[in-house]
$ cat upload-v8.tsv   # TSV, N, CA and C atoms
chain	number	residue	atom	x	y	z
Y	619	MET	N	-17.54	0.80	27.39
Y	619	MET	CA	-17.85	0.20	26.11
Y	619	MET	C	-16.96	0.77	25.00
Y	620	GLN	N	-16.78	2.10	24.97
Y	620	GLN	CA	-15.92	2.71	23.95
Y	620	GLN	C	-14.48	2.26	24.12
Y	621	GLU	N	-14.06	2.08	25.34
Y	621	GLU	CA	-12.69	1.64	25.62
Y	621	GLU	C	-12.46	0.26	25.02
Y	622	HIS	N	-13.45	-0.63	25.17
Y	622	HIS	CA	-13.35	-1.98	24.63
Y	622	HIS	C	-13.27	-1.95	23.10
Y	623	ALA	N	-14.10	-1.10	22.46
Y	623	ALA	CA	-14.08	-0.99	21.00
Y	623	ALA	C	-12.76	-0.43	20.50
Y	624	ALA	N	-12.18	0.52	21.22
Y	624	ALA	CA	-10.90	1.10	20.83
Y	624	ALA	C	-9.79	0.06	20.91
Y	625	GLN	N	-9.86	-0.85	21.90
Y	625	GLN	CA	-8.85	-1.89	22.02
Y	625	GLN	C	-8.93	-2.86	20.85
Y	626	GLU	N	-10.15	-3.16	20.40
Y	626	GLU	CA	-10.33	-4.09	19.29
Y	626	GLU	C	-9.75	-3.56	17.98
Y	627	THR	N	-9.74	-2.25	17.82
Y	627	THR	CA	-9.24	-1.65	16.58
Y	627	THR	C	-7.84	-1.08	16.76
Y	628	GLY	N	-7.12	-1.56	17.74
Y	628	GLY	CA	-5.75	-1.11	17.94
Y	628	GLY	C	-5.66	0.32	18.44
Y	629	GLY	N	-6.64	0.78	19.22
Y	629	GLY	CA	-6.61	2.13	19.76
Y	629	GLY	C	-7.14	3.18	18.80
Y	630	ARG	N	-7.57	2.77	17.62
Y	630	ARG	CA	-8.11	3.71	16.65
Y	630	ARG	C	-9.64	3.67	16.69
Y	631	GLN	N	-10.24	4.83	16.54
Y	631	GLN	CA	-11.69	4.91	16.52
Y	631	GLN	C	-12.21	4.48	15.16
Y	632	LYS	N	-13.26	3.66	15.14
Y	632	LYS	CA	-13.88	3.26	13.88
Y	632	LYS	C	-14.61	4.46	13.30
Y	633	ARG	N	-14.39	4.70	12.01
Y	633	ARG	CA	-15.09	5.78	11.33
Y	633	ARG	C	-15.04	5.53	9.84
Y	634	LEU	N	-15.75	6.35	9.10
Y	634	LEU	CA	-15.74	6.25	7.65
Y	634	LEU	C	-14.66	7.14	7.07
Y	635	MET	N	-14.00	6.66	6.05
Y	635	MET	CA	-12.96	7.43	5.36
Y	635	MET	C	-13.38	7.56	3.90
Y	636	ARG	N	-13.42	8.80	3.41
Y	636	ARG	CA	-13.78	9.04	2.01
Y	636	ARG	C	-12.55	8.84	1.14
Y	637	TRP	N	-12.77	8.76	-0.17
Y	637	TRP	CA	-11.71	8.48	-1.13
Y	637	TRP	C	-10.48	9.39	-1.01
Y	638	PRO	N	-10.65	10.72	-0.96
Y	638	PRO	CA	-9.45	11.58	-0.90
Y	638	PRO	C	-8.56	11.28	0.31
Y	639	GLU	N	-9.17	10.99	1.43
Y	639	GLU	CA	-8.38	10.68	2.63
Y	639	GLU	C	-7.62	9.37	2.47
Y	640	VAL	N	-8.27	8.37	1.89
Y	640	VAL	CA	-7.62	7.08	1.69
Y	640	VAL	C	-6.47	7.22	0.69
Y	641	GLU	N	-6.69	8.03	-0.36
Y	641	GLU	CA	-5.62	8.27	-1.33
Y	641	GLU	C	-4.42	8.95	-0.67
Y	642	ARG	N	-4.68	9.96	0.16
Y	642	ARG	CA	-3.58	10.65	0.86
Y	642	ARG	C	-2.87	9.71	1.82
Y	643	LEU	N	-3.63	8.92	2.56
Y	643	LEU	CA	-3.06	8.04	3.57
Y	643	LEU	C	-2.18	6.95	2.95
Y	644	THR	N	-2.64	6.38	1.84
Y	644	THR	CA	-1.91	5.28	1.22
Y	644	THR	C	-0.90	5.74	0.17
Y	645	GLY	N	-1.14	6.90	-0.42
Y	645	GLY	CA	-0.28	7.35	-1.51
Y	645	GLY	C	-0.58	6.63	-2.81
Y	646	ILE	N	-1.77	6.02	-2.90
Y	646	ILE	CA	-2.16	5.25	-4.07
Y	646	ILE	C	-3.37	5.93	-4.71
Y	647	SER	N	-3.40	5.99	-6.03
Y	647	SER	CA	-4.49	6.67	-6.73
Y	647	SER	C	-5.81	5.91	-6.60
Y	648	ARG	N	-6.89	6.63	-6.84
Y	648	ARG	CA	-8.23	6.03	-6.74
Y	648	ARG	C	-8.39	4.88	-7.72
Y	649	SER	N	-7.91	5.04	-8.94
Y	649	SER	CA	-8.05	3.97	-9.93
Y	649	SER	C	-7.28	2.72	-9.51
Y	650	SER	N	-6.11	2.91	-8.94
Y	650	SER	CA	-5.33	1.75	-8.47
Y	650	SER	C	-6.00	1.09	-7.27
Y	651	LEU	N	-6.53	1.90	-6.35
Y	651	LEU	CA	-7.24	1.34	-5.20
Y	651	LEU	C	-8.47	0.55	-5.64
Y	652	THR	N	-9.19	1.08	-6.65
Y	652	THR	CA	-10.37	0.39	-7.17
Y	652	THR	C	-9.98	-0.97	-7.74
Y	653	SER	N	-8.91	-0.98	-8.52
Y	653	SER	CA	-8.42	-2.22	-9.12
Y	653	SER	C	-7.97	-3.21	-8.03
Y	654	MET	N	-7.25	-2.70	-7.04
Y	654	MET	CA	-6.77	-3.55	-5.96
Y	654	MET	C	-7.94	-4.14	-5.17
Y	655	ALA	N	-8.97	-3.33	-4.90
Y	655	ALA	CA	-10.14	-3.80	-4.15
Y	655	ALA	C	-10.88	-4.87	-4.96
Y	656	ALA	N	-10.99	-4.68	-6.27
Y	656	ALA	CA	-11.66	-5.65	-7.13
Y	656	ALA	C	-10.94	-6.99	-7.14
Y	657	ASN	N	-9.62	-6.95	-6.96
Y	657	ASN	CA	-8.80	-8.18	-6.95
Y	657	ASN	C	-8.55	-8.72	-5.55
Y	658	GLY	N	-9.20	-8.14	-4.55
Y	658	GLY	CA	-9.05	-8.62	-3.18
Y	658	GLY	C	-7.76	-8.22	-2.51
Y	659	LEU	N	-7.08	-7.21	-3.05
Y	659	LEU	CA	-5.79	-6.78	-2.49
Y	659	LEU	C	-5.92	-5.56	-1.59
Y	660	PHE	N	-7.12	-5.00	-1.49
Y	660	PHE	CA	-7.38	-3.83	-0.66
Y	660	PHE	C	-8.83	-3.93	-0.19
Y	661	PRO	N	-9.14	-3.39	1.00
Y	661	PRO	CA	-10.53	-3.46	1.47
Y	661	PRO	C	-11.49	-2.76	0.50
Y	662	ARG	N	-12.66	-3.35	0.34
Y	662	ARG	CA	-13.66	-2.76	-0.55
Y	662	ARG	C	-14.42	-1.67	0.19
Y	663	PRO	N	-14.80	-0.60	-0.51
Y	663	PRO	CA	-15.58	0.45	0.13
Y	663	PRO	C	-17.01	-0.02	0.39
Y	664	VAL	N	-17.71	0.69	1.26
Y	664	VAL	CA	-19.10	0.39	1.56
Y	664	VAL	C	-19.98	1.48	0.97
Y	665	GLN	N	-21.19	1.12	0.58
Y	665	GLN	CA	-22.15	2.08	0.03
Y	665	GLN	C	-22.88	2.72	1.20
Y	666	VAL	N	-22.60	3.99	1.47
Y	666	VAL	CA	-23.19	4.70	2.59
Y	666	VAL	C	-24.56	5.25	2.20
Y	667	SER	N	-24.67	5.79	0.99
Y	667	SER	CA	-25.93	6.28	0.46
Y	667	SER	C	-25.88	6.14	-1.06
Y	668	VAL	N	-26.86	6.66	-1.74
Y	668	VAL	CA	-26.93	6.51	-3.19
Y	668	VAL	C	-25.68	7.03	-3.88
Y	669	HIS	N	-25.16	8.16	-3.43
Y	669	HIS	CA	-24.02	8.78	-4.10
Y	669	HIS	C	-22.73	8.76	-3.28
Y	670	ILE	N	-22.72	8.07	-2.16
Y	670	ILE	CA	-21.54	8.12	-1.29
Y	670	ILE	C	-21.03	6.71	-1.00
Y	671	THR	N	-19.74	6.52	-1.29
Y	671	THR	CA	-19.04	5.31	-0.85
Y	671	THR	C	-17.89	5.74	0.04
Y	672	ALA	N	-17.57	4.91	0.99
Y	672	ALA	CA	-16.49	5.22	1.93
Y	672	ALA	C	-15.86	3.92	2.40
Y	673	PHE	N	-14.72	4.05	3.02
Y	673	PHE	CA	-14.01	2.90	3.56
Y	673	PHE	C	-14.17	2.87	5.08
Y	674	LEU	N	-14.14	1.68	5.65
Y	674	LEU	CA	-14.12	1.55	7.10
Y	674	LEU	C	-12.67	1.73	7.53
Y	675	SER	N	-12.45	2.72	8.37
Y	675	SER	CA	-11.08	3.11	8.73
Y	675	SER	C	-10.28	1.95	9.30
Y	676	HIS	N	-10.91	1.13	10.14
Y	676	HIS	CA	-10.13	0.05	10.76
Y	676	HIS	C	-9.65	-0.96	9.73
Y	677	GLU	N	-10.40	-1.16	8.63
Y	677	GLU	CA	-9.95	-2.07	7.58
Y	677	GLU	C	-8.76	-1.49	6.81
Y	678	VAL	N	-8.78	-0.19	6.57
Y	678	VAL	CA	-7.67	0.46	5.87
Y	678	VAL	C	-6.41	0.40	6.73
Y	679	TYR	N	-6.55	0.68	8.03
Y	679	TYR	CA	-5.39	0.63	8.92
Y	679	TYR	C	-4.86	-0.79	9.08
Y	680	GLU	N	-5.75	-1.78	9.11
Y	680	GLU	CA	-5.30	-3.18	9.17
Y	680	GLU	C	-4.50	-3.53	7.93
Y	681	TRP	N	-4.96	-3.05	6.75
Y	681	TRP	CA	-4.23	-3.30	5.50
Y	681	TRP	C	-2.85	-2.66	5.57
Y	682	LEU	N	-2.79	-1.41	6.06
Y	682	LEU	CA	-1.50	-0.73	6.19
Y	682	LEU	C	-0.59	-1.48	7.17
Y	683	ASP	N	-1.13	-1.94	8.28
Y	683	ASP	CA	-0.33	-2.69	9.26
Y	683	ASP	C	0.20	-3.99	8.65
Y	684	GLY	N	-0.55	-4.59	7.73
Y	684	GLY	CA	-0.14	-5.83	7.09
Y	684	GLY	C	1.00	-5.65	6.11
Y	685	LEU	N	1.28	-4.43	5.72
Y	685	LEU	CA	2.36	-4.19	4.77
Y	685	LEU	C	3.73	-4.48	5.36
Y	686	ASP	N	3.84	-4.48	6.67
Y	686	ASP	CA	5.13	-4.77	7.32
Y	686	ASP	C	5.68	-6.12	6.88
Y	687	SER	N	4.80	-7.08	6.64
Y	687	SER	CA	5.26	-8.42	6.27
Y	687	SER	C	5.61	-8.52	4.78
Y	688	ARG	N	5.41	-7.45	4.03
Y	688	ARG	CA	5.67	-7.47	2.59
Y	688	ARG	C	6.86	-6.61	2.20
Y	689	ARG	N	7.79	-6.44	3.10
Y	689	ARG	CA	8.96	-5.60	2.81
Y	689	ARG	C	9.80	-6.21	1.69
Y	690	VAL	N	10.37	-5.34	0.89
Y	690	VAL	CA	11.21	-5.75	-0.22
Y	690	VAL	C	12.64	-5.88	0.28
Y	691	GLU	N	13.29	-6.95	-0.12
Y	691	GLU	CA	14.69	-7.17	0.24
Y	691	GLU	C	15.57	-6.66	-0.90
Y	692	TYR	N	16.52	-5.85	-0.56
Y	692	TYR	CA	17.46	-5.34	-1.56
Y	692	TYR	C	18.81	-6.00	-1.35
Y	693	SER	N	19.52	-6.19	-2.44
Y	693	SER	CA	20.85	-6.76	-2.39
Y	693	SER	C	21.81	-5.71	-1.85
Y	694	THR	N	22.79	-6.16	-1.08
Y	694	THR	CA	23.80	-5.23	-0.57
Y	694	THR	C	24.94	-5.05	-1.57
Y	695	LYS	N	24.95	-5.87	-2.61
Y	695	LYS	CA	25.99	-5.74	-3.63
Y	695	LYS	C	25.66	-4.56	-4.52
Y	696	LYS	N	26.67	-3.75	-4.76
Y	696	LYS	CA	26.48	-2.62	-5.67
Y	696	LYS	C	26.64	-3.12	-7.10
Y	697	LYS	N	25.71	-2.75	-7.91
Y	697	LYS	CA	25.76	-3.15	-9.31
Y	697	LYS	C	26.32	-2.01	-10.13
Y	698	PHE	N	27.17	-2.36	-11.08
Y	698	PHE	CA	27.78	-1.38	-11.95
Y	698	PHE	C	26.79	-1.02	-13.03
Y	699	LYS	N	26.42	0.23	-13.09
Y	699	LYS	CA	25.52	0.69	-14.14
Y	699	LYS	C	26.27	1.71	-14.98
Y	700	GLY	N	26.45	1.42	-16.19
Y	700	GLY	CA	27.15	2.34	-17.07
Y	700	GLY	C	27.84	1.57	-18.17
Y	701	ALA	N	28.98	2.08	-18.61
Y	701	ALA	CA	29.72	1.44	-19.69
Y	701	ALA	C	30.22	0.08	-19.22
Y	702	ARG	N	30.34	-0.83	-20.18
Y	702	ARG	CA	30.85	-2.16	-19.85
Y	702	ARG	C	32.33	-2.07	-19.52
Y	703	PRO	N	32.80	-2.91	-18.61
Y	703	PRO	CA	34.24	-2.90	-18.30
Y	703	PRO	C	35.05	-3.30	-19.54
Y	704	ALA	N	36.26	-2.78	-19.64
Y	704	ALA	CA	37.12	-3.07	-20.79
Y	704	ALA	C	37.45	-4.56	-20.82
Y	705	ARG	N	37.56	-5.08	-22.03
Y	705	ARG	CA	37.92	-6.49	-22.19
Y	705	ARG	C	39.41	-6.67	-21.93
Y	706	LYS	N	39.77	-7.83	-21.44
Y	706	LYS	CA	41.18	-8.14	-21.20
Y	706	LYS	C	41.86	-8.39	-22.55
Y	707	ALA	N	43.08	-7.92	-22.66
Y	707	ALA	CA	43.85	-8.13	-23.89
Y	707	ALA	C	44.22	-9.58	-24.02
Y	708	THR	N	44.05	-10.15	-25.22
Y	708	THR	CA	44.37	-11.54	-25.44
Y	708	THR	C	45.76	-11.74	-26.03
Y	709	GLY	N	46.41	-10.65	-26.37
Y	709	GLY	CA	47.75	-10.74	-26.97
Y	709	GLY	C	47.69	-10.80	-28.48
Y	710	GLU	N	46.50	-10.94	-29.05
Y	710	GLU	CA	46.37	-10.96	-30.50
Y	710	GLU	C	45.98	-9.60	-31.01
Y	711	GLU	N	46.55	-9.21	-32.09
Y	711	GLU	CA	46.17	-7.95	-32.71
Y	711	GLU	C	45.29	-8.23	-33.89
Y	712	SER	N	44.36	-7.38	-34.15
Y	712	SER	CA	43.50	-7.59	-35.31
Y	712	SER	C	43.91	-6.72	-36.45

$ encode --input "upload-v8.tsv" --output "structure tokens"
Amino acid sequence: MQEHAAQETGGRQKRLMRWPEVERLTGISRSSLTSMAANGLFPRPVQVSVHITAFLSHEVYEWLDGLDSRRVEYSTKKKFKGARPARKATGEES
């Protein structure tokens, strides 16, 4: 039975993750995670008891796995950052 449950969650055991662990795992602050969860961009925590909220680990890992499809594409062209290139001489003197 445990083997079947582990396969459903990608080999990871289902467990509760508290805020500090989720912050370390994602690299995102608690306030940003709260905002993202409110907007449907991150899994919402569950109320474990009166004073304890936690995340379901498999939902957090599924969210992390989904980031692969959101990779940013960078241009291979190097952009010149700095002084503007000199203007071409027009042959007129001022």

$ residues_near_point --input "upload-v8.tsv" --point "(-17.2, 5.7, 4.8)" --cutoff "5 Å" --atoms "only N, CA and C atoms" --output "list in words"
Leu634, Met635, Thr671, Ala672 and Phe673 of chain Y

$ atom_distance --input "upload-v8.tsv" --atom1 "atom CA of Y:Arg648" --atom2 "atom CA of Y:Glu691"
27.4 Å

$ atom_distance --input "upload-v8.tsv" --atom1 "atom N of Y:Ser675" --atom2 "atom CA of Y:Pro661"
9.5 Å

$ atom_distance --input "upload-v8.tsv" --atom1 "atom CA of Y:Val678" --atom2 "atom N of Y:Pro663"
9.6 Å

$ residues_around --input "upload-v8.tsv" --residues "Y:His676" --least-positions-apart "4" --cutoff "6 Å" --atoms "all atoms listed in the file" --output "list in words"
Lys632, Arg633, Glu680 and Trp681 of chain Y

$ closest_residue --input "upload-v8.tsv" --among "Y:Gln631, Y:Thr644, Y:Ser649, Y:Thr694" --to "Y:Leu682" --atoms "all atoms listed in the file"
Y:Thr644

$ select_by_dssp --input "upload-v8.tsv" --residues "stretch 631-704 of chain Y" --states "helix (DSSP H, G or I)" --output "PyMOL selection string"
chain Y and resi 637-644+648-656+675-688

$ axis_aligned_box --input "upload-v8.tsv" --around "stretch 659-671 of chain Y" --padding-each-side "4 Å" --output "lines of an AutoDock Vina configuration file"
center_x = -16.4
center_y = 0.8
center_z = -0.8
size_x = 29.1
size_y = 24.0
size_z = 14.7
